[in-house]
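Accompanying notes for the structure given below.
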Amino acid sequence: MTLNDLAILIASRKDADPDSSWTAKLLSQGPEKCAEKFGEEAIEAIIEAVKGDKTRLTSEAADVLYHLLVMLTSRDVSLDDVIIELARRQGISGIAEKARR
């Protein structure tokens, strides 16, 4: 499954019955809950990165990507929107881009 496939699947669950899908349940709890879950998963990934456990980090990174897409979907931001923003930044120094913010 590609990241785009996952984003499409998550978007398709936005109006689904929360009892039928974990994704639908998360989305039904609102953007704040989706952001909270993303944060929890990000912290878990950080912990595994620090510990150096490649297998656990890989698993947590998958959770982070999934929950990031859920959080974006909860605010009607598509993966395509993010890709367009990344393309806009292409060729710009990270230091220069950060200074513009």
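Letters A, B, ... mark the chains of the structure tokens in the order given; residue numbers begin at 1 per chain; ligand numbers begin at 1, in order shown.
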* To do: Once DSSP has gone over the backbone, tell me which residues of chain A are in alpha helix (DSSP H), as JSON, numbers by chain.
  => {"A": [3, 4, 5, 6, 7, 8, 9, 10, 11, 12, 22, 23, 24, 25, 26, 27, 28, 31, 32, 33, 34, 35, 36, 37, 38, 39, 40, 41, 42, 43, 44, 45, 46, 47, 48, 49, 50, 51, 54, 55, 56, 57, 58, 59, 60, 61, 62, 63, 64, 65, 66, 67, 68, 69, 70, 71, 72, 73, 74, 79, 80, 81, 82, 83, 84, 85, 86, 87, 88, 89, 94, 95, 96, 97, 98, 99, 100]}
* Asked: Which polymer residues have any atom within 12 Å of an atom of stretch 10-14 of chain A, counting only C-alpha atoms, with same-chain residues fewer than 3 positions away left out, as number ranges by chain?
  -> A: 3-7, 17-31, 65-79
* Structure fact -> The residue from A:Phe38, A:Ala61, A:Ile8, A:Ile46 with the smallest atom-to-atom distance to A:Asp80, counting only C-alpha atoms, is A:Ile8
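Put simply, atom CA of A:Glu40 is 18.7 Å away from atom CA of A:Lys54.
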